[in-house]
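Printed here is protein-v2.cif (mmCIF, C-alpha atoms):
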```cif
data_input
loop_
_atom_site.label_atom_id
_atom_site.label_comp_id
_atom_site.auth_asym_id
_atom_site.auth_seq_id
_atom_site.Cartn_x
_atom_site.Cartn_y
_atom_site.Cartn_z
CA MET G 1 0.00 0.00 0.00
CA ARG G 2 2.84 2.39 0.81
CA PHE G 3 4.16 2.44 -2.76
CA PHE G 4 0.68 2.78 -4.18
CA LYS G 5 0.01 5.79 -1.93
CA LYS G 6 3.33 7.34 -2.94
CA ILE G 7 2.50 6.92 -6.63
CA LEU G 8 -0.91 8.55 -6.18
CA LYS G 9 0.70 11.43 -4.30
CA LYS G 10 3.18 11.87 -7.14
CA PHE G 11 0.32 12.03 -9.63
CA ALA G 12 -1.44 14.62 -7.46
CA ARG G 13 1.71 16.74 -7.30
CA ASP G 14 2.26 16.47 -11.07
CA GLU G 15 5.55 14.70 -10.47
CA TYR G 16 5.10 12.34 -13.40
CA ILE G 17 5.86 14.84 -16.09
CA ILE G 18 5.58 13.43 -19.55
CA THR G 19 6.94 15.38 -22.47
CA GLU G 20 5.67 15.44 -26.04
CA SER G 21 8.95 13.94 -27.23
CA GLU G 22 8.56 10.99 -24.84
CA ILE G 23 5.05 10.41 -26.17
CA GLU G 24 6.32 10.63 -29.73
CA LYS G 25 9.07 8.11 -28.99
CA GLN G 26 6.58 5.69 -27.43
CA LEU G 27 4.09 6.10 -30.28
CA ASN G 28 6.78 5.42 -32.87
CA ALA G 29 8.06 2.38 -30.97
CA TYR G 30 4.52 1.06 -30.80
CA ASP G 31 4.03 1.53 -34.55
CA GLU G 32 7.19 -0.49 -35.15
CA TYR G 33 5.99 -3.20 -32.78
CA LYS G 34 2.64 -3.41 -34.54
CA LYS G 35 4.33 -3.77 -37.91
CA SER G 36 6.54 -6.60 -36.67
CA ASN G 37 3.55 -8.22 -34.97
CA ILE G 38 1.63 -8.27 -38.23
CA GLU G 39 4.54 -10.08 -39.85
CA GLU G 40 4.61 -12.60 -36.99
CA SER G 41 0.86 -13.14 -37.22
CA THR G 42 1.18 -13.76 -40.91
CA ILE G 43 3.88 -16.34 -40.38
CA MET G 44 1.82 -18.00 -37.65
CA ILE G 45 -1.21 -18.24 -39.93
CA ASN G 46 0.78 -19.80 -42.73
CA LYS G 47 2.76 -22.17 -40.53
CA ASN G 48 -0.26 -23.33 -38.56
CA CYS G 49 -2.18 -23.91 -41.70
CA GLN G 50 0.61 -25.85 -43.34
CA PHE G 51 0.97 -27.93 -40.21
CA ASN G 52 -2.70 -28.78 -40.34
CA GLU G 53 -2.48 -29.71 -43.99
CA ILE G 54 -4.48 -26.74 -44.99
CA THR G 55 -4.90 -26.07 -48.64
CA ASN G 56 -3.69 -22.52 -48.02
CA GLN G 57 -6.73 -21.18 -49.78
CA VAL G 58 -7.88 -17.82 -48.59
CA SER G 59 -11.54 -18.50 -48.26
CA ASN G 60 -12.76 -15.24 -46.99
CA GLN G 61 -11.65 -11.68 -46.85
CA ILE G 62 -13.49 -8.87 -45.25
CA TYR G 63 -12.35 -5.30 -45.19
CA LYS G 64 -14.08 -3.25 -42.61
CA ASP G 65 -13.09 -0.30 -40.44
CA ASN G 66 -9.54 -0.31 -41.82
CA LYS G 67 -9.07 -3.92 -40.78
CA TYR G 68 -8.73 -7.08 -42.80
CA ARG G 69 -10.07 -10.37 -41.60
CA VAL G 70 -8.21 -13.32 -42.98
CA SER G 71 -9.82 -16.73 -42.93
CA ILE G 72 -8.18 -19.87 -44.18
CA LYS G 73 -10.00 -23.18 -44.13
CA ASN G 74 -8.49 -26.65 -44.17
CA LYS G 75 -9.45 -29.52 -46.36
CA TYR G 76 -11.94 -30.75 -43.79
CA ASN G 77 -13.51 -27.31 -43.90
CA ASN G 78 -13.71 -27.18 -40.13
CA TYR G 79 -10.82 -25.01 -39.12
CA GLU G 80 -10.05 -21.40 -39.63
CA CYS G 81 -6.96 -19.47 -38.82
CA TYR G 82 -8.00 -15.91 -38.68
CA ASN G 83 -6.84 -12.62 -37.51
CA ASP G 84 -8.02 -9.06 -37.54
CA TYR G 85 -5.52 -6.35 -38.08
CA ASP G 86 -4.72 -3.11 -39.78
CA MET G 87 -2.77 -3.85 -42.86
CA GLU G 88 -1.41 -2.10 -45.88
CA GLU G 89 -2.90 -3.14 -49.19
CA ASP G 90 0.41 -4.40 -50.58
CA LEU G 91 1.03 -6.65 -47.57
CA TRP G 92 -2.42 -8.18 -47.99
CA THR G 93 -1.62 -8.96 -51.62
CA SER G 94 1.56 -10.74 -50.62
CA ILE G 95 -0.40 -12.96 -48.23
CA LYS G 96 -2.90 -13.83 -50.90
CA ALA G 97 -0.06 -14.85 -53.16
CA SER G 98 1.68 -17.03 -50.56
CA MET S 1 2.85 -12.01 7.88
CA ASN S 2 3.33 -9.24 5.38
CA GLU S 3 4.52 -11.72 2.79
CA GLU S 4 3.05 -12.93 -0.48
CA THR S 5 3.77 -16.35 -1.94
CA LEU S 6 3.02 -17.09 -5.55
CA ILE S 7 3.44 -20.18 -7.66
CA GLY S 8 4.37 -19.57 -11.28
CA TYR S 9 4.99 -21.81 -14.28
CA HIS S 10 7.71 -21.05 -16.79
CA ALA S 11 7.68 -22.77 -20.15
CA THR S 12 10.96 -23.22 -21.98
CA LYS S 13 13.05 -25.54 -24.14
CA LYS S 14 14.42 -28.66 -22.46
CA LYS S 15 17.99 -27.59 -23.28
CA ASN S 16 17.62 -24.58 -20.93
CA GLU S 17 16.37 -26.64 -18.00
CA LYS S 18 19.67 -27.66 -16.44
CA ASN S 19 21.12 -24.17 -16.61
CA ILE S 20 18.04 -22.57 -15.04
CA LEU S 21 17.97 -25.11 -12.22
CA LYS S 22 21.67 -24.49 -11.56
CA ASN S 23 22.07 -20.77 -12.16
CA GLY S 24 18.58 -19.31 -12.05
CA PHE S 25 16.53 -17.64 -14.74
CA LYS S 26 17.86 -15.18 -17.27
CA ILE S 27 16.27 -11.77 -16.78
CA SER S 28 14.84 -10.45 -20.01
CA ASN S 29 16.41 -7.07 -20.59
CA SER S 30 14.43 -5.24 -23.15
CA ASN S 31 12.05 -2.35 -23.39
CA SER S 32 10.20 -3.96 -26.25
CA PHE S 33 6.46 -4.49 -26.19
CA HIS S 34 7.08 -8.23 -26.08
CA HIS S 35 8.12 -7.74 -22.46
CA TRP S 36 5.21 -5.56 -21.73
CA LEU S 37 5.43 -5.78 -17.95
CA GLY S 38 9.04 -4.65 -18.09
CA ASN S 39 12.29 -6.49 -17.50
CA GLY S 40 12.03 -9.67 -15.48
CA ILE S 41 11.29 -13.37 -15.46
CA TYR S 42 7.88 -14.21 -16.87
CA PHE S 43 5.60 -16.89 -15.46
CA TRP S 44 2.10 -18.13 -16.09
CA LYS S 45 -0.18 -18.61 -13.12
CA ASP S 46 -1.76 -21.64 -14.79
CA THR S 47 -0.11 -24.73 -16.20
CA TYR S 48 -2.57 -24.51 -19.12
CA TYR S 49 -0.75 -21.53 -20.63
CA ALA S 50 2.69 -22.98 -19.96
CA VAL S 51 1.72 -26.09 -21.92
CA GLU S 52 0.13 -23.91 -24.62
CA TRP S 53 3.29 -21.80 -24.87
CA ASN S 54 5.32 -24.93 -25.60
CA ILE S 55 2.70 -26.19 -28.06
CA ILE S 56 2.83 -22.89 -29.98
CA ASP S 57 6.60 -23.07 -30.22
CA LEU S 58 6.50 -26.69 -31.40
CA GLU S 59 3.84 -25.73 -33.94
CA LYS S 60 5.98 -22.88 -35.21
CA ASN S 61 8.81 -25.33 -35.77
CA GLY S 62 6.50 -27.92 -37.32
CA ILE S 63 7.41 -30.63 -34.79
CA LEU S 64 4.35 -30.78 -32.57
CA THR S 65 3.89 -34.22 -31.04
CA GLN S 66 3.05 -35.30 -27.51
CA LYS S 67 6.47 -36.94 -27.28
CA ASN S 68 8.20 -33.65 -28.10
CA ILE S 69 6.26 -31.86 -25.36
CA PHE S 70 8.24 -33.98 -22.90
CA ASN S 71 11.49 -34.46 -24.83
CA LYS S 72 12.12 -31.00 -26.23
CA TYR S 73 10.30 -28.71 -23.82
CA THR S 74 9.85 -28.36 -20.10
CA ILE S 75 7.75 -26.58 -17.53
CA LEU S 76 9.40 -25.22 -14.41
CA GLU S 77 7.44 -24.55 -11.26
CA ALA S 78 8.72 -21.69 -9.13
CA ILE S 79 7.79 -20.64 -5.64
CA ILE S 80 8.08 -16.88 -5.48
CA LYS S 81 8.09 -14.85 -2.29
CA THR S 82 8.15 -11.15 -1.56
CA GLU S 83 6.60 -8.49 0.66
CA LYS S 84 2.92 -7.91 -0.10
CA ASP S 85 3.59 -4.21 -0.65
CA LYS S 86 5.94 -5.00 -3.47
CA VAL S 87 3.38 -6.80 -5.59
CA ILE S 88 1.16 -4.87 -7.99
CA ASN S 89 -1.64 -6.53 -9.91
CA LEU S 90 -2.54 -4.25 -12.81
CA SER S 91 -5.93 -5.91 -13.13
CA SER S 92 -6.84 -5.14 -9.51
CA PRO S 93 -8.64 -1.90 -8.55
CA LYS S 94 -5.31 -0.37 -7.39
CA GLY S 95 -3.63 -1.29 -10.64
CA THR S 96 -6.55 0.07 -12.63
CA ILE S 97 -6.40 3.38 -10.75
CA MET S 98 -2.68 3.72 -11.51
CA PHE S 99 -3.35 2.83 -15.12
CA GLU S 100 -6.14 5.37 -15.51
CA ARG S 101 -4.19 8.17 -13.82
CA PHE S 102 -1.22 7.52 -16.05
CA LYS S 103 -3.31 7.42 -19.21
CA GLU S 104 -4.99 10.70 -18.27
CA ASN S 105 -1.60 12.24 -17.58
CA VAL S 106 -0.22 11.21 -20.96
CA ILE S 107 -3.27 12.43 -22.86
CA ASN S 108 -3.13 15.79 -21.09
CA SER S 109 0.54 16.18 -22.01
CA ALA S 110 0.09 15.22 -25.67
CA ASN S 111 -0.20 17.65 -28.56
CA THR S 112 -3.27 17.63 -30.84
CA GLU S 113 -1.80 15.22 -33.39
CA GLN S 114 -0.56 12.86 -30.67
CA LYS S 115 -3.97 12.93 -28.94
CA GLU S 116 -5.48 11.72 -32.20
CA ARG S 117 -3.01 8.85 -32.46
CA LEU S 118 -3.43 7.94 -28.78
CA ARG S 119 -7.20 7.79 -29.22
CA GLU S 120 -6.75 5.05 -31.81
CA ILE S 121 -4.77 2.83 -29.46
CA ASN S 122 -6.94 0.24 -27.78
CA ASP S 123 -4.06 -1.92 -26.70
CA ASP S 124 -3.10 -2.00 -23.01
CA ILE S 125 0.40 -3.08 -23.94
CA PHE S 126 1.15 0.45 -25.15
CA TRP S 127 0.16 1.99 -21.84
CA VAL S 128 1.68 -0.61 -19.54
CA ASN S 129 4.97 -0.52 -21.42
CA PHE S 130 4.96 3.29 -21.11
CA MET S 131 4.23 3.05 -17.37
CA SER S 132 7.12 0.65 -16.98
CA GLN S 133 9.48 2.97 -18.86
CA LYS S 134 8.42 5.94 -16.74
CA GLY S 135 9.44 4.00 -13.65
CA LEU S 136 6.01 3.45 -12.13
CA PHE S 137 6.89 -0.16 -11.38
CA ASN S 138 10.39 0.53 -10.04
CA LYS S 139 9.40 0.02 -6.43
CA TYR S 140 7.65 -3.24 -7.16
CA ASN S 141 9.22 -6.69 -7.23
CA ILE S 142 6.36 -8.45 -8.93
CA ILE S 143 3.98 -7.18 -11.60
CA ILE S 144 0.87 -9.22 -12.38
CA ALA S 145 -1.63 -8.73 -15.18
CA ASN S 146 -4.60 -10.70 -16.44
CA TYR S 147 -5.78 -11.07 -19.98
CA ASN S 148 -9.10 -12.51 -20.85
CA LYS S 149 -8.79 -14.94 -23.67
CA ILE S 150 -12.01 -15.50 -25.53
CA ILE S 151 -12.56 -18.83 -27.16
CA LYS S 152 -15.46 -18.90 -29.55
CA LYS S 153 -16.96 -22.22 -30.49
CA GLU S 154 -17.13 -23.07 -34.17
CA ASN S 155 -20.43 -22.17 -35.82
CA ASN S 156 -21.65 -20.42 -32.75
CA ASN S 157 -21.99 -16.70 -32.92
CA LYS S 158 -24.04 -16.08 -29.83
CA THR S 159 -22.16 -13.91 -27.39
CA THR S 160 -23.66 -15.84 -24.47
CA ASP S 161 -21.71 -18.87 -25.59
CA PHE S 162 -18.33 -17.25 -25.21
CA ILE S 163 -16.13 -18.88 -22.64
CA LYS S 164 -13.59 -16.73 -20.88
CA TYR S 165 -10.19 -18.08 -20.04
CA GLU S 166 -8.32 -15.87 -17.63
CA GLN S 167 -4.68 -15.68 -18.55
CA THR S 168 -2.51 -14.37 -15.73
CA GLN S 169 1.09 -13.35 -16.33
CA ILE S 170 3.56 -12.77 -13.53
CA CYS S 171 6.72 -10.74 -14.07
CA VAL S 172 9.34 -11.27 -11.36
CA LYS S 173 12.12 -8.71 -11.25
CA SER S 174 14.87 -10.79 -9.67
CA ASN S 175 16.02 -14.36 -9.10
CA ASP S 176 16.40 -13.51 -5.39
CA LEU S 177 12.62 -13.62 -5.05
CA ILE S 178 12.46 -17.19 -6.26
CA GLU S 179 12.61 -19.50 -3.29
CA SER S 180 12.73 -22.71 -5.26
CA VAL S 181 12.48 -24.03 -8.81
CA SER S 182 11.61 -27.57 -9.79
CA ILE S 183 10.59 -29.46 -12.89
CA TYR S 184 6.83 -29.68 -13.12
CA ASN S 185 6.39 -33.40 -13.43
CA ASP S 186 2.67 -34.07 -13.47
CA LYS S 187 2.81 -35.93 -16.77
CA LYS S 188 -0.81 -37.00 -16.52
CA GLU S 189 -1.97 -33.37 -16.31
CA ILE S 190 0.36 -32.23 -19.10
CA LYS S 191 -0.94 -35.02 -21.37
CA GLU S 192 -4.51 -34.07 -20.59
CA LEU S 193 -3.82 -30.36 -21.22
CA TYR S 194 -2.00 -31.21 -24.45
CA LYS S 195 -5.12 -32.92 -25.77
CA ILE S 196 -7.45 -30.11 -24.64
CA ILE S 197 -5.27 -27.32 -26.04
CA LYS S 198 -4.68 -29.09 -29.34
CA ASP S 199 -8.39 -29.65 -29.66
CA ASN S 200 -9.15 -26.01 -28.81
CA ARG S 201 -6.62 -24.76 -31.32
CA ARG S 202 -7.83 -27.06 -34.08
CA ASN S 203 -11.56 -26.70 -33.75
CA GLN S 204 -12.11 -23.28 -32.37
CA LYS S 205 -11.40 -19.81 -33.47
CA VAL S 206 -9.19 -18.21 -30.93
CA LYS S 207 -8.96 -14.51 -30.52
CA GLU S 208 -7.00 -12.92 -27.78
CA VAL S 209 -8.29 -9.70 -26.32
CA ALA S 210 -7.02 -7.62 -23.49
CA VAL S 211 -9.88 -6.57 -21.26
#
```
Can the structure in the file be given as structure tokens, please?
Amino acid sequence: MRFFKKILKKFARDEYIITESEIEKQLNAYDEYKKSNIEESTIMINKNCQFNEITNQVSNQIYKDNKYRVSIKNKYNNYECYNDYDMEEDLWTSIKAS
Amino acid sequence: MNEETLIGYHATKKKNEKNILKNGFKISNSNSFHHWLGNGIYFWKDTYYAVEWNIIDLEKNGILTQKNIFNKYTILEAIIKTEKDKVINLSSPKGTIMFERFKENVINSANTEQKERLREINDDIFWVNFMSQKGLFNKYNIIIANYNKIIKKENNNKTTDFIKYEQTQICVKSNDLIESVSIYNDKKEIKELYKIIKDNRRNQKVKEVAV
């Protein structure tokens, strides 16, 4: 409790000063993280699907609210790898081609 | 007693087992979003997620078999002790208050363009990582956070049929807080979890959301 109280006091006294440049740095780092995460998700989709003997056919694609939904069904038609994420058009094309 | 004892499960490759048991865990030292609770040793509260972690890694490498779960990977059980005051659970009311105050503080300090970008972020990882970098967790030895993992059954779109799986992560800042580490050897449970998780991953759509 003592640390929690101290933290609240610091907030009350405006002791946690955050500058615009710190925010910018964090926002940019987050953008980078999101980009790398999309790549990881893509790899996961493909690898999982291959592992499950999936035909790799993109069976469904929905674009809504700046997000793509990727669905891939296996040969038994009972499994879908899917993910929702913001994605650039050219990246989406490369997934379709894979 | 003003002491808190936690049991955590760490999933890793078998080849790391001996070294961890002898020399302790390696502290992750990175400010990346992958270590979103900051630098430390990461544990799952439930064996389910430790087994799942190993399954995911085996899947990635295309070598997922029950045999490999035991031969190539391991789960280590750690008993972790510290003062109660030095544990913060970000999903508790206290943690939520800290989180909200921090978020408010950042938004108030941002310029117009940054405010716009911040508004689009609905990912707690951004905020928690920022809190960690600003030193809000410096006084704490253990940071805990819960995710809710939603598993939706195939062909079932009714929201009432969602099942919530609480996923608790524990970040321990130092090996000194770990009283003991042992190999988690309940093979019967691991086999059972392996079947359940494989089944879940094959037949259900899994979407992870931070709540």
>> One decimal, in Å: what's the spacing between CA of Leu76 (chain S) and CA of Ile183 (chain S)?
In response: 4.7 Å
>> Evaluate the PyMOL selection byres ((chain S) within 7 of (chain G)) against this structure - the residues, as number ranges by chain, please.
In response: S: 33, 59-60, 62, 85, 106, 109-111, 126, 130, 139, 202-203, 205
> What is the CA of Thr96 (chain S) to CA of Phe137 (chain S) distance in Å?
Replying inline: 13.5 Å
>> One number please: CA of Glu179 (chain S) to CA of Ile80 (chain S), in Å, one decimal.
In response: 5.7 Å
> Which residues match the PyMOL selection byres ((chain S and resi 78) around 7) in the file above, as a ChimeraX atom specification?
Replying inline: /S:7-9,76-77,79-80,178,180-182
>> My list of candidates is S:Ile143, S:Ala50, S:Ala11, S:Leu177. Which is closest to Asn89 (chain S) when distances are computed with all atoms listed in the file?
In response: S:Ile143
> Taking the file as shown, what set of residues would the PyMOL selection byres ((chain S and resi 198) around 12) give back, as a PyMOL selection string?
Replying inline: (chain G and resi 48+52) or (chain S and resi 48+51-56+58-59+64-66+69+190-197+199-204+206)
> Between S:Asn108, S:Asn138, S:Asn185, S:Asn175, which has the minimum distance to Thr74 (chain S) (counting only C-alpha atoms)?
Replying inline: S:Asn185
Region 67-75 of chain S: axis-aligned bounding box, 4 Å on each side, centre and edge lengths in Å, one decimal, as JSON:
```
{"center_x": 9.2, "center_y": -31.8, "center_z": -22.8, "size_x": 13.9, "size_y": 18.4, "size_z": 18.6}
```
Missing atoms in region 161-189 of chain S need filling: write out N, CA and C atoms for it as a PDB file, keeping the file's coordinate frame.
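Output (rebuild.pdb):
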```pdb
ATOM      1  N   ASP S 161     -22.438 -17.613 -25.573  1.00  0.00           N
ATOM      2  CA  ASP S 161     -21.710 -18.870 -25.590  1.00  0.00           C
ATOM      3  C   ASP S 161     -20.189 -18.686 -25.592  1.00  0.00           C
ATOM      4  N   PHE S 162     -19.769 -17.474 -25.324  1.00  0.00           N
ATOM      5  CA  PHE S 162     -18.330 -17.250 -25.210  1.00  0.00           C
ATOM      6  C   PHE S 162     -17.853 -17.778 -23.855  1.00  0.00           C
ATOM      7  N   ILE S 163     -16.701 -18.378 -23.893  1.00  0.00           N
ATOM      8  CA  ILE S 163     -16.130 -18.880 -22.640  1.00  0.00           C
ATOM      9  C   ILE S 163     -14.883 -18.048 -22.372  1.00  0.00           C
ATOM     10  N   LYS S 164     -14.762 -17.562 -21.171  1.00  0.00           N
ATOM     11  CA  LYS S 164     -13.590 -16.730 -20.880  1.00  0.00           C
ATOM     12  C   LYS S 164     -12.516 -17.547 -20.169  1.00  0.00           C
ATOM     13  N   TYR S 165     -11.332 -17.439 -20.671  1.00  0.00           N
ATOM     14  CA  TYR S 165     -10.190 -18.080 -20.040  1.00  0.00           C
ATOM     15  C   TYR S 165      -9.304 -16.971 -19.488  1.00  0.00           C
ATOM     16  N   GLU S 166      -9.180 -16.905 -18.186  1.00  0.00           N
ATOM     17  CA  GLU S 166      -8.320 -15.870 -17.630  1.00  0.00           C
ATOM     18  C   GLU S 166      -6.861 -16.292 -17.782  1.00  0.00           C
ATOM     19  N   GLN S 167      -6.086 -15.381 -18.321  1.00  0.00           N
ATOM     20  CA  GLN S 167      -4.680 -15.680 -18.550  1.00  0.00           C
ATOM     21  C   GLN S 167      -3.841 -14.713 -17.707  1.00  0.00           C
ATOM     22  N   THR S 168      -3.254 -15.237 -16.643  1.00  0.00           N
ATOM     23  CA  THR S 168      -2.510 -14.370 -15.730  1.00  0.00           C
ATOM     24  C   THR S 168      -1.007 -14.514 -15.961  1.00  0.00           C
ATOM     25  N   GLN S 169      -0.370 -13.363 -16.167  1.00  0.00           N
ATOM     26  CA  GLN S 169       1.090 -13.350 -16.330  1.00  0.00           C
ATOM     27  C   GLN S 169       1.731 -12.703 -15.111  1.00  0.00           C
ATOM     28  N   ILE S 170       2.843 -13.279 -14.711  1.00  0.00           N
ATOM     29  CA  ILE S 170       3.560 -12.770 -13.530  1.00  0.00           C
ATOM     30  C   ILE S 170       4.973 -12.411 -13.969  1.00  0.00           C
ATOM     31  N   CYS S 171       5.360 -11.166 -13.737  1.00  0.00           N
ATOM     32  CA  CYS S 171       6.720 -10.740 -14.070  1.00  0.00           C
ATOM     33  C   CYS S 171       7.497 -10.533 -12.770  1.00  0.00           C
ATOM     34  N   VAL S 172       8.545 -11.325 -12.590  1.00  0.00           N
ATOM     35  CA  VAL S 172       9.340 -11.270 -11.360  1.00  0.00           C
ATOM     36  C   VAL S 172      10.666 -10.576 -11.684  1.00  0.00           C
ATOM     37  N   LYS S 173      10.987  -9.561 -10.904  1.00  0.00           N
ATOM     38  CA  LYS S 173      12.120  -8.710 -11.250  1.00  0.00           C
ATOM     39  C   LYS S 173      13.508  -9.295 -10.946  1.00  0.00           C
ATOM     40  N   SER S 174      13.550 -10.287 -10.046  1.00  0.00           N
ATOM     41  CA  SER S 174      14.870 -10.790  -9.670  1.00  0.00           C
ATOM     42  C   SER S 174      14.812 -12.263  -9.281  1.00  0.00           C
ATOM     43  N   ASN S 175      15.911 -12.961  -9.522  1.00  0.00           N
ATOM     44  CA  ASN S 175      16.020 -14.360  -9.100  1.00  0.00           C
ATOM     45  C   ASN S 175      15.987 -14.511  -7.588  1.00  0.00           C
ATOM     46  N   ASP S 176      16.374 -13.441  -6.869  1.00  0.00           N
ATOM     47  CA  ASP S 176      16.400 -13.510  -5.390  1.00  0.00           C
ATOM     48  C   ASP S 176      15.017 -13.758  -4.801  1.00  0.00           C
ATOM     49  N   LEU S 177      13.983 -13.452  -5.572  1.00  0.00           N
ATOM     50  CA  LEU S 177      12.620 -13.620  -5.050  1.00  0.00           C
ATOM     51  C   LEU S 177      12.102 -15.047  -5.249  1.00  0.00           C
ATOM     52  N   ILE S 178      12.895 -15.822  -5.974  1.00  0.00           N
ATOM     53  CA  ILE S 178      12.460 -17.190  -6.260  1.00  0.00           C
ATOM     54  C   ILE S 178      13.048 -18.135  -5.213  1.00  0.00           C
ATOM     55  N   GLU S 179      12.159 -18.659  -4.391  1.00  0.00           N
ATOM     56  CA  GLU S 179      12.610 -19.500  -3.290  1.00  0.00           C
ATOM     57  C   GLU S 179      13.072 -20.874  -3.787  1.00  0.00           C
ATOM     58  N   SER S 180      12.320 -21.413  -4.714  1.00  0.00           N
ATOM     59  CA  SER S 180      12.730 -22.710  -5.260  1.00  0.00           C
ATOM     60  C   SER S 180      12.209 -22.886  -6.687  1.00  0.00           C
ATOM     61  N   VAL S 181      12.919 -23.685  -7.450  1.00  0.00           N
ATOM     62  CA  VAL S 181      12.480 -24.030  -8.810  1.00  0.00           C
ATOM     63  C   VAL S 181      12.577 -25.541  -8.966  1.00  0.00           C
ATOM     64  N   SER S 182      11.551 -26.122  -9.538  1.00  0.00           N
ATOM     65  CA  SER S 182      11.610 -27.570  -9.790  1.00  0.00           C
ATOM     66  C   SER S 182      10.919 -27.873 -11.118  1.00  0.00           C
ATOM     67  N   ILE S 183      11.224 -29.047 -11.627  1.00  0.00           N
ATOM     68  CA  ILE S 183      10.590 -29.460 -12.890  1.00  0.00           C
ATOM     69  C   ILE S 183       9.162 -29.871 -12.572  1.00  0.00           C
ATOM     70  N   TYR S 184       8.236 -29.324 -13.334  1.00  0.00           N
ATOM     71  CA  TYR S 184       6.830 -29.680 -13.120  1.00  0.00           C
ATOM     72  C   TYR S 184       6.610 -31.049 -13.768  1.00  0.00           C
ATOM     73  N   ASN S 185       6.348 -32.024 -12.936  1.00  0.00           N
ATOM     74  CA  ASN S 185       6.390 -33.400 -13.430  1.00  0.00           C
ATOM     75  C   ASN S 185       5.052 -34.122 -13.463  1.00  0.00           C
ATOM     76  N   ASP S 186       3.970 -33.398 -13.434  1.00  0.00           N
ATOM     77  CA  ASP S 186       2.670 -34.070 -13.470  1.00  0.00           C
ATOM     78  C   ASP S 186       2.352 -34.434 -14.926  1.00  0.00           C
ATOM     79  N   LYS S 187       2.927 -35.537 -15.356  1.00  0.00           N
ATOM     80  CA  LYS S 187       2.810 -35.930 -16.770  1.00  0.00           C
ATOM     81  C   LYS S 187       1.366 -36.182 -17.177  1.00  0.00           C
ATOM     82  N   LYS S 188       0.591 -36.707 -16.231  1.00  0.00           N
ATOM     83  CA  LYS S 188      -0.810 -37.000 -16.520  1.00  0.00           C
ATOM     84  C   LYS S 188      -1.560 -35.696 -16.865  1.00  0.00           C
ATOM     85  N   GLU S 189      -1.303 -34.662 -16.068  1.00  0.00           N
ATOM     86  CA  GLU S 189      -1.970 -33.370 -16.310  1.00  0.00           C
ATOM     87  C   GLU S 189      -1.484 -32.751 -17.628  1.00  0.00           C
TER      88      GLU S 189
END
```
